[in-house]
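Novice: If it helps, the file is called start12.tsv and holds TSV, C-alpha atoms:
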chain	number	residue	atom	x	y	z
A	1	MET	CA	36.80	22.77	8.85
A	2	LYS	CA	37.29	20.40	11.80
A	3	THR	CA	35.27	17.43	10.59
A	4	HIS	CA	37.10	14.13	9.98
A	5	TYR	CA	36.44	12.37	6.73
A	6	GLN	CA	37.78	9.76	4.33
A	7	THR	CA	38.22	10.38	0.62
A	8	LEU	CA	37.90	7.79	-2.16
A	9	PRO	CA	38.89	8.97	-5.65
A	10	VAL	CA	36.85	7.58	-8.54
A	11	THR	CA	38.13	7.71	-12.11
A	12	HIS	CA	35.92	7.45	-15.19
A	13	PRO	CA	36.40	7.87	-18.96
A	14	THR	CA	36.05	11.66	-18.87
A	15	GLY	CA	37.69	12.51	-15.57
A	16	GLU	CA	37.50	11.80	-11.87
A	17	TYR	CA	35.69	12.82	-8.71
A	18	ASN	CA	35.97	12.21	-4.99
A	19	VAL	CA	33.62	10.34	-2.69
A	20	ILE	CA	33.96	11.94	0.75
A	21	VAL	CA	32.62	10.03	3.76
A	22	GLY	CA	32.38	11.59	7.22
A	23	GLU	CA	30.27	13.50	9.74
A	24	ASP	CA	28.87	17.03	9.53
A	25	LEU	CA	29.86	17.49	5.90
A	26	LEU	CA	26.79	19.28	4.50
A	27	PRO	CA	27.58	22.69	6.08
A	28	ASN	CA	30.93	22.50	4.27
A	29	LEU	CA	29.49	21.36	0.95
A	30	LEU	CA	30.70	24.24	-1.21
A	31	GLU	CA	34.29	23.75	-0.09
A	32	LEU	CA	34.26	19.94	-0.21
A	33	ALA	CA	32.54	19.73	-3.60
A	34	ARG	CA	34.36	22.77	-4.99
A	35	ILE	CA	31.19	24.52	-6.08
A	36	ASN	CA	32.10	28.02	-7.23
A	37	GLY	CA	29.07	29.17	-9.22
A	38	PRO	CA	25.30	29.18	-8.85
A	39	PHE	CA	23.63	25.99	-7.68
A	40	VAL	CA	20.19	24.56	-6.96
A	41	VAL	CA	19.42	21.90	-4.36
A	42	VAL	CA	17.00	19.15	-5.37
A	43	THR	CA	15.50	17.24	-2.45
A	44	ASP	CA	12.25	15.56	-1.40
A	45	THR	CA	9.50	16.13	1.12
A	46	ASN	CA	11.12	13.80	3.66
A	47	VAL	CA	14.73	15.00	3.52
A	48	GLY	CA	14.29	18.68	2.69
A	49	PRO	CA	12.80	19.79	6.02
A	50	LEU	CA	15.52	17.89	7.90
A	51	HIS	CA	18.71	18.80	6.06
A	52	ALA	CA	18.28	21.40	3.27
A	53	HIS	CA	18.91	24.28	5.73
A	54	LYS	CA	22.48	23.01	6.25
A	55	ILE	CA	23.39	24.04	2.70
A	56	GLU	CA	23.54	27.81	2.35
A	57	GLY	CA	23.67	29.97	-0.77
A	58	ALA	CA	21.46	28.03	-3.20
A	59	LEU	CA	19.55	29.85	-5.93
A	60	ALA	CA	16.60	27.66	-5.02
A	61	VAL	CA	15.60	24.49	-3.23
A	62	VAL	CA	13.45	22.25	-5.43
A	63	THR	CA	11.38	19.81	-3.39
A	64	VAL	CA	9.72	16.83	-5.03
A	65	PRO	CA	7.32	14.27	-3.50
A	66	ALA	CA	9.16	11.46	-1.70
A	67	GLY	CA	8.92	7.86	-2.82
A	68	GLU	CA	9.83	5.54	-5.71
A	69	GLU	CA	6.35	5.99	-7.17
A	70	ASN	CA	7.29	9.61	-7.92
A	71	LYS	CA	10.46	8.76	-9.85
A	72	THR	CA	8.80	9.62	-13.16
A	73	LEU	CA	9.17	11.84	-16.19
A	74	GLU	CA	6.31	13.95	-14.83
A	75	THR	CA	8.35	14.76	-11.72
A	76	VAL	CA	11.42	15.48	-13.86
A	77	ARG	CA	9.35	17.99	-15.84
A	78	THR	CA	8.50	19.86	-12.65
A	79	ILE	CA	12.21	20.03	-11.77
A	80	TYR	CA	13.04	21.49	-15.20
A	81	ASP	CA	10.32	24.12	-14.77
A	82	GLN	CA	11.69	25.22	-11.40
A	83	LEU	CA	15.27	25.37	-12.69
A	84	PHE	CA	14.14	27.70	-15.50
A	85	ALA	CA	12.21	29.80	-12.98
A	86	ALA	CA	15.32	30.08	-10.78
A	87	GLY	CA	17.42	31.17	-13.75
A	88	LEU	CA	19.95	28.35	-13.53
A	89	ASP	CA	22.20	28.44	-16.59
A	90	ARG	CA	24.68	26.04	-18.18
A	91	LYS	CA	27.40	26.99	-15.70
A	92	GLY	CA	25.25	26.04	-12.75
A	93	THR	CA	25.34	22.93	-10.58
A	94	LEU	CA	22.60	20.69	-9.25
A	95	VAL	CA	22.94	19.24	-5.75
A	96	ALA	CA	21.03	16.01	-5.15
A	97	LEU	CA	20.12	15.89	-1.45
A	98	GLY	CA	18.31	12.67	-0.59
A	99	GLY	CA	18.19	8.97	-1.23
A	100	GLY	CA	18.54	7.02	-4.43
A	101	VAL	CA	15.32	8.30	-5.97
A	102	VAL	CA	16.41	11.94	-5.64
A	103	GLY	CA	19.93	11.09	-6.82
A	104	ASP	CA	18.73	9.18	-9.88
A	105	MET	CA	16.29	11.89	-10.95
A	106	THR	CA	18.64	14.79	-10.28
A	107	GLY	CA	21.41	13.10	-12.22
A	108	PHE	CA	19.07	12.53	-15.15
A	109	VAL	CA	18.00	16.18	-15.06
A	110	ALA	CA	21.67	17.25	-14.91
A	111	ALA	CA	22.46	15.07	-17.92
A	112	SER	CA	19.68	16.63	-20.00
A	113	TYR	CA	19.11	20.20	-18.75
A	114	MET	CA	20.65	22.54	-21.35
A	115	ARG	CA	22.43	19.44	-22.73
A	116	GLY	CA	24.22	18.79	-19.47
A	117	ILE	CA	25.32	20.63	-16.34
A	118	ASP	CA	27.37	19.60	-13.30
A	119	PHE	CA	25.82	17.83	-10.37
A	120	VAL	CA	26.88	16.76	-6.89
A	121	GLN	CA	25.50	13.78	-5.01
A	122	CYS	CA	24.69	14.27	-1.31
A	123	PRO	CA	23.21	10.90	-0.39
A	124	THR	CA	21.30	10.83	2.90
A	125	THR	CA	20.54	7.10	3.11
A	126	LEU	CA	22.88	4.18	3.57
A	127	LEU	CA	21.55	2.62	0.38
A	128	SER	CA	22.30	5.65	-1.76
A	129	MET	CA	25.72	6.17	-0.17
A	130	VAL	CA	27.05	2.70	-0.90
A	131	ASP	CA	25.33	2.14	-4.23
A	132	ALA	CA	23.22	4.64	-6.16
A	133	SER	CA	25.43	7.73	-5.70
A	134	VAL	CA	28.55	6.12	-7.18
A	135	GLY	CA	29.02	5.13	-10.80
A	136	GLY	CA	27.06	7.61	-12.86
A	137	LYS	CA	23.82	5.71	-13.50
A	138	THR	CA	20.80	8.01	-13.54
A	139	GLY	CA	17.21	7.56	-14.58
A	140	VAL	CA	13.49	7.36	-13.98
A	141	ASP	CA	10.91	4.59	-13.93
A	142	MET	CA	8.23	3.77	-16.47
A	143	PRO	CA	5.07	1.70	-15.96
A	144	GLN	CA	6.88	-1.08	-17.85
A	145	GLY	CA	9.81	-1.23	-15.42
A	146	LYS	CA	12.37	0.51	-13.23
A	147	ASN	CA	15.06	2.85	-14.58
A	148	LEU	CA	14.10	2.29	-18.20
A	149	ILE	CA	14.73	5.94	-19.13
A	150	GLY	CA	18.11	7.32	-18.14
A	151	ALA	CA	21.66	8.26	-18.94
A	152	PHE	CA	25.20	7.84	-17.69
A	153	LYS	CA	26.10	11.08	-15.93
A	154	GLN	CA	29.04	11.24	-13.56
A	155	PRO	CA	28.82	13.52	-10.51
A	156	THR	CA	31.55	16.05	-9.83
A	157	ALA	CA	31.62	14.92	-6.17
A	158	VAL	CA	29.81	12.63	-3.75
A	159	ILE	CA	29.46	14.00	-0.22
A	160	ALA	CA	28.30	11.22	2.11
A	161	ASP	CA	27.42	12.88	5.42
A	162	LEU	CA	26.95	10.17	8.05
A	163	SER	CA	25.21	12.68	10.33
A	164	THR	CA	22.09	12.31	8.18
A	165	PHE	CA	21.70	8.79	9.60
A	166	GLN	CA	20.49	10.41	12.83
A	167	THR	CA	17.17	11.12	11.11
A	168	LEU	CA	17.06	7.93	9.01
A	169	PRO	CA	14.30	5.51	10.08
A	170	PRO	CA	15.71	2.13	11.23
A	171	GLU	CA	13.91	0.28	8.45
A	172	GLU	CA	15.56	2.53	5.85
A	173	PHE	CA	18.98	1.93	7.39
A	174	ALA	CA	18.30	-1.82	7.25
A	175	SER	CA	17.23	-1.45	3.62
A	176	GLY	CA	20.62	0.05	2.80
A	177	MET	CA	22.39	-2.86	4.45
A	178	ALA	CA	21.18	-5.05	1.56
A	179	GLU	CA	23.66	-3.31	-0.74
A	180	VAL	CA	26.42	-3.62	1.86
A	181	VAL	CA	25.76	-7.36	2.09
A	182	LYS	CA	25.73	-7.56	-1.69
A	183	HIS	CA	29.11	-5.85	-1.96
A	184	GLY	CA	30.53	-8.23	0.62
A	185	LEU	CA	29.21	-11.21	-1.34
A	186	LEU	CA	30.63	-9.87	-4.59
A	187	ALA	CA	34.13	-8.89	-3.58
A	188	ASN	CA	34.93	-8.57	0.11
A	189	GLU	CA	34.88	-11.63	2.36
A	190	GLU	CA	36.18	-9.56	5.29
A	191	LEU	CA	33.27	-7.11	4.95
A	192	LEU	CA	30.83	-10.02	4.89
A	193	GLN	CA	32.40	-11.48	8.02
A	194	ARG	CA	32.04	-8.12	9.81
A	195	LEU	CA	28.33	-8.17	9.02
A	196	GLU	CA	28.07	-11.74	10.26
A	197	SER	CA	29.84	-10.91	13.53
A	198	GLY	CA	27.68	-7.84	14.18
A	199	ASN	CA	30.60	-5.73	15.43
A	200	TRP	CA	29.69	-2.85	13.09
A	201	LYS	CA	26.47	-2.01	14.97
A	202	LEU	CA	25.88	1.44	16.35
A	203	HIS	CA	24.76	2.02	19.91
A	204	PRO	CA	23.33	5.46	20.80
A	205	ASP	CA	25.46	5.69	23.95
A	206	ASN	CA	28.74	4.88	22.22
A	207	GLN	CA	29.65	7.52	19.67
A	208	SER	CA	33.10	6.01	19.19
A	209	LEU	CA	31.40	3.44	16.98
A	210	ILE	CA	30.75	6.17	14.40
A	211	PHE	CA	34.22	5.40	13.07
A	212	ASN	CA	33.17	1.76	12.71
A	213	LEU	CA	30.21	2.84	10.61
A	214	GLN	CA	32.40	5.16	8.55
A	215	SER	CA	34.78	2.33	7.72
A	216	LEU	CA	31.85	0.03	6.89
A	217	VAL	CA	30.40	2.56	4.46
A	218	THR	CA	33.81	3.27	2.95
A	219	ASP	CA	34.58	-0.43	2.46
A	220	ALA	CA	31.22	-0.97	0.76
A	221	ILE	CA	31.71	2.05	-1.51
A	222	GLN	CA	35.18	0.82	-2.42
A	223	VAL	CA	33.74	-2.40	-3.86
A	224	LYS	CA	31.38	-0.39	-6.06
A	225	ARG	CA	34.15	2.06	-6.97
A	226	ASP	CA	36.53	-0.67	-8.10
A	227	VAL	CA	33.90	-2.33	-10.29
A	228	VAL	CA	32.65	0.83	-12.01
A	229	GLN	CA	36.19	2.00	-12.69
A	230	GLU	CA	36.88	-1.27	-14.46
A	231	ASP	CA	33.59	-1.25	-16.37
A	232	PRO	CA	32.05	2.26	-16.45
A	233	PHE	CA	29.33	1.50	-19.01
A	234	GLU	CA	28.31	-1.99	-17.84
A	235	HIS	CA	29.72	-3.99	-20.72
A	236	GLY	CA	31.10	-6.72	-18.45
A	237	ILE	CA	31.80	-7.17	-14.75
A	238	ARG	CA	29.64	-4.22	-13.67
A	239	ALA	CA	26.53	-6.29	-14.45
A	240	THR	CA	27.33	-8.44	-11.40
A	241	LEU	CA	26.43	-5.44	-9.20
A	242	ASN	CA	22.86	-6.35	-10.10
A	243	LEU	CA	23.00	-9.46	-7.89
A	244	GLY	CA	19.48	-9.81	-6.48
A	245	HIS	CA	18.14	-6.91	-8.54
A	246	THR	CA	16.32	-8.74	-11.35
A	247	PHE	CA	14.22	-10.54	-8.76
A	248	GLY	CA	14.20	-7.50	-6.46
A	249	HIS	CA	12.92	-5.00	-9.00
A	250	ALA	CA	10.10	-7.38	-9.97
A	251	ILE	CA	9.19	-7.82	-6.29
A	252	GLU	CA	9.09	-4.04	-5.84
A	253	GLN	CA	6.85	-3.54	-8.86
A	254	VAL	CA	4.39	-6.32	-8.09
A	255	SER	CA	4.12	-5.03	-4.51
A	256	GLY	CA	3.27	-1.55	-5.81
A	257	TYR	CA	6.51	-0.35	-4.21
A	258	THR	CA	5.29	-1.23	-0.72
A	259	VAL	CA	8.46	-3.35	-0.56
A	260	ARG	CA	11.53	-1.11	-0.16
A	261	HIS	CA	14.35	-1.42	-2.66
A	262	GLY	CA	16.77	-2.94	-0.15
A	263	GLU	CA	14.12	-5.39	1.05
A	264	GLY	CA	13.49	-6.45	-2.55
A	265	VAL	CA	17.22	-6.86	-3.17
A	266	ALA	CA	17.55	-8.94	0.00
A	267	MET	CA	14.74	-11.27	-1.08
A	268	GLY	CA	16.21	-11.24	-4.59
A	269	MET	CA	19.65	-12.34	-3.39
A	270	VAL	CA	18.09	-15.30	-1.61
A	271	ALA	CA	16.15	-16.18	-4.78
A	272	ALA	CA	19.31	-15.79	-6.88
A	273	ALA	CA	21.21	-18.12	-4.54
A	274	ASN	CA	18.33	-20.62	-4.71
A	275	LEU	CA	18.37	-20.44	-8.51
A	276	SER	CA	22.16	-20.84	-8.54
A	277	ALA	CA	21.93	-23.97	-6.40
A	278	ARG	CA	19.00	-25.24	-8.48
A	279	LEU	CA	21.19	-24.97	-11.57
A	280	GLU	CA	24.03	-26.69	-9.67
A	281	GLU	CA	26.20	-23.58	-9.81
A	282	CYS	CA	26.71	-23.28	-6.04
A	283	ASP	CA	26.47	-25.21	-2.80
A	284	PRO	CA	22.94	-24.95	-1.30
A	285	ALA	CA	24.64	-23.92	1.96
A	286	LEU	CA	25.44	-20.55	0.38
A	287	GLN	CA	21.75	-19.64	0.41
A	288	LEU	CA	21.62	-20.38	4.13
A	289	ARG	CA	24.66	-18.17	4.77
A	290	ILE	CA	23.10	-15.33	2.80
A	291	GLU	CA	19.83	-15.69	4.69
A	292	LYS	CA	21.60	-15.60	8.04
A	293	VAL	CA	23.59	-12.45	7.34
A	294	LEU	CA	20.49	-10.71	5.96
A	295	GLU	CA	18.55	-11.64	9.09
A	296	ASN	CA	21.45	-10.31	11.20
A	297	VAL	CA	21.09	-6.87	9.63
A	298	GLY	CA	17.30	-6.81	9.92
A	299	LEU	CA	16.24	-7.72	6.40
A	300	PRO	CA	13.58	-10.12	5.12
A	301	THR	CA	14.63	-13.32	3.39
A	302	ARG	CA	11.25	-14.50	2.10
A	303	ILE	CA	9.10	-13.09	-0.71
A	304	PRO	CA	5.54	-12.40	0.52
A	305	SER	CA	3.24	-15.22	-0.57
A	306	HIS	CA	0.56	-12.85	-1.88
A	307	LEU	CA	2.92	-11.61	-4.64
A	308	ASP	CA	2.26	-13.60	-7.80
A	309	ALA	CA	5.27	-15.45	-9.24
A	310	GLU	CA	3.96	-15.28	-12.82
A	311	GLU	CA	3.49	-11.53	-12.52
A	312	MET	CA	7.03	-11.14	-11.21
A	313	TYR	CA	8.33	-13.17	-14.13
A	314	HIS	CA	6.41	-10.91	-16.50
A	315	TYR	CA	8.12	-7.81	-15.08
A	316	MET	CA	11.51	-9.48	-15.36
A	317	GLY	CA	10.86	-9.58	-19.11
A	318	SER	CA	10.92	-5.76	-19.13
A	319	ASP	CA	14.12	-5.55	-17.09
A	320	LYS	CA	16.72	-3.37	-18.80
A	321	LYS	CA	19.37	-6.01	-18.11
A	322	LYS	CA	17.77	-8.20	-20.78
A	323	ALA	CA	19.99	-8.68	-23.85
A	324	ALA	CA	19.08	-9.93	-27.35
A	325	GLY	CA	15.58	-10.69	-26.09
A	326	MET	CA	16.94	-12.97	-23.35
A	327	MET	CA	16.61	-12.45	-19.62
A	328	ARG	CA	19.92	-12.36	-17.80
A	329	PHE	CA	20.33	-13.32	-14.18
A	330	VAL	CA	23.26	-12.56	-11.91
A	331	LEU	CA	24.03	-15.86	-10.20
A	332	ILE	CA	26.75	-16.84	-7.76
A	333	HIS	CA	29.24	-19.70	-7.42
A	334	ASP	CA	30.60	-18.53	-4.06
A	335	VAL	CA	31.59	-15.37	-2.19
A	336	GLY	CA	33.64	-13.29	-4.63
A	337	ASP	CA	32.49	-15.28	-7.66
A	338	ALA	CA	29.29	-13.96	-9.24
A	339	PHE	CA	28.47	-14.30	-12.93
A	340	VAL	CA	25.78	-13.45	-15.48
A	341	GLN	CA	23.69	-16.27	-16.90
A	342	GLY	CA	21.26	-16.13	-19.80
A	343	ASN	CA	18.96	-18.81	-21.16
A	344	VAL	CA	17.52	-19.80	-17.77
A	345	ALA	CA	14.37	-21.90	-18.07
A	346	LYS	CA	11.17	-20.20	-16.94
A	347	GLU	CA	10.26	-23.15	-14.75
A	348	ASP	CA	13.55	-22.83	-12.86
A	349	VAL	CA	12.97	-19.13	-12.24
A	350	LEU	CA	9.42	-19.72	-11.03
A	351	ALA	CA	10.60	-22.60	-8.85
A	352	ALA	CA	13.22	-20.36	-7.23
A	353	ILE	CA	10.58	-17.69	-6.51
A	354	THR	CA	8.10	-20.09	-4.97
A	355	ALA	CA	10.84	-21.84	-2.97
A	356	VAL	CA	11.65	-18.61	-1.15
A	357	GLN	CA	8.07	-17.40	-0.65
A	358	GLU	CA	6.64	-17.45	2.85
If you convert what's in this file into structure tokens, what do you get?

Specialist:
Amino acid sequence: MKTHYQTLPVTHPTGEYNVIVGEDLLPNLLELARINGPFVVVTDTNVGPLHAHKIEGALAVVTVPAGEENKTLETVRTIYDQLFAAGLDRKGTLVALGGGVVGDMTGFVAASYMRGIDFVQCPTTLLSMVDASVGGKTGVDMPQGKNLIGAFKQPTAVIADLSTFQTLPPEEFASGMAEVVKHGLLANEELLQRLESGNWKLHPDNQSLIFNLQSLVTDAIQVKRDVVQEDPFEHGIRATLNLGHTFGHAIEQVSGYTVRHGEGVAMGMVAAANLSARLEECDPALQLRIEKVLENVGLPTRIPSHLDAEEMYHYMGSDKKKAAGMMRFVLIHDVGDAFVQGNVAKEDVLAAITAVQE
């Protein structure tokens, strides 16, 4: 195997696994992920035709409809049915090949099929590489909110093949940059400065910059890795990884998921910074810095005006991050200093939303 890759070990309460980042990894999946027995690939209608053929030897390839709107218990049921039809037993492995939606659903199926089987994450989007594939959170959406049904299920390996970016639409790559920006804001000033300078950008005629992208992805994953190792079940610091997400999830839902996850998170981080400044928890200049870096990576910084603020607030009330009946918001003092705040007045939340609407 000639491919060059970087390996990040991740420890958790019941063991450890490796996150492997590099090019042309999928053809070497069995060796890299140490899959010895039968396995089934779960993918979607976008990714399957592009990349499933790179993984040989599967009992079956289960293909589900692409899109957040299909991350439901109904889709999970169809996956179970196809696993039974393929004859996958308790010693088998599921391989999640796709973005965050496929990874979340496949992990949830792996946690519950025959009371739990192994699964490997093969994220094919920037967003899923730097966020959803690491940390063991799995789940599906309900009409009441995102990810309300789920489980903690750690993968046995994460294989992040950067070659899949060659087929990733530019808007999806930009969507993933929201999580990279978030990780820089939370814990890596140097990473944030790289995004601000723009020296990470890929140019089609300069393949040497692939290494730059590999280091960017690895640095972003490392932030997530360090947090989830410290707080695997989100009892403390891990909640700060939801910076921008309480607003972002509500924006996604009210838009009928026409707003991508990363776009919602980007808008949500701006709203969270506005709320932080409104509550005198940060300098208003921080919001401007966040807006500028988001614009640099091709992300929106304003919530569409046709999305109703009251409706967004309603969906925030169903957010799973609520505790003891109280909404909790991840706010920010400065780069590297985010915190969770409860008991935020409704009028302040609505004011922050409307302040960042276009």

Novice: Hey, what's within 9 Å of Val120 of chain A if we count all atoms listed in the file and toss same-chain stuff fewer than 3 positions away? As a list in words, please?

Specialist: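 Counting all atoms listed in the file, the residues come to Ala33, Ile35, Thr93, Leu94, Val95, Ala96, Leu97, Gly103, Gly107, Gln154, Pro155, Thr156, Ala157, Val158 and Ile159 of chain A.
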
Novice: Which is closest to Ala266 of chain A among A:Ser197, A:Ser175, A:Gln121, A:Gln341, if we use only C-alpha atoms?

Specialist: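 Among the listed residues, A:Ser175 lies closest to Ala266 of chain A.
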
Novice: In Å, with one decimal, what is the gap from atom CA of Ser112 of chain A to atom CA of Ala151 of chain A?

Specialist: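 Atom CA of Ser112 of chain A sits 8.7 Å away from atom CA of Ala151 of chain A.
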
Novice: With distances taken over all atoms listed in the file, which residue among A:Leu126, A:Ile332, A:Val62, A:Leu29 lies nearest Ala272 of chain A?

Specialist: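 Looking at the shortest contact to Ala272 of chain A, the residue is A:Ile332.
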
Novice: Residues within 10 Å of Gln193 of chain A, please, as a list of chain:residue names. Count all atoms listed in the file; anything in the same chain fewer than 4 positions from it doesn't count.

Specialist: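 Within the cut-off, the hits are A:Val181, A:Gly184, A:Leu185, A:Asn188, A:Glu189, A:Ser197, A:Gly198, A:Asn199, A:Val293.
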
Novice: Using only C-alpha atoms, which of A:Glu263, A:Glu358, A:Glu310, A:Glu74 sits nearest His249 of chain A?

Specialist: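 The answer is A:Glu263, which sits nearest to His249 of chain A.
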
Novice: Give me the residues near Val76 of chain A as a list in words, where near means some atom within 9 Å (using all atoms listed in the file) and where sequence neighbours in that chain fewer than 2 positions away do not count.

Specialist: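 What passes the distance filter is Lys71, Thr72, Leu73, Glu74, Thr78, Ile79, Tyr80, Asp81, Met105, Thr106, Phe108, Val109 and Val140 of chain A.
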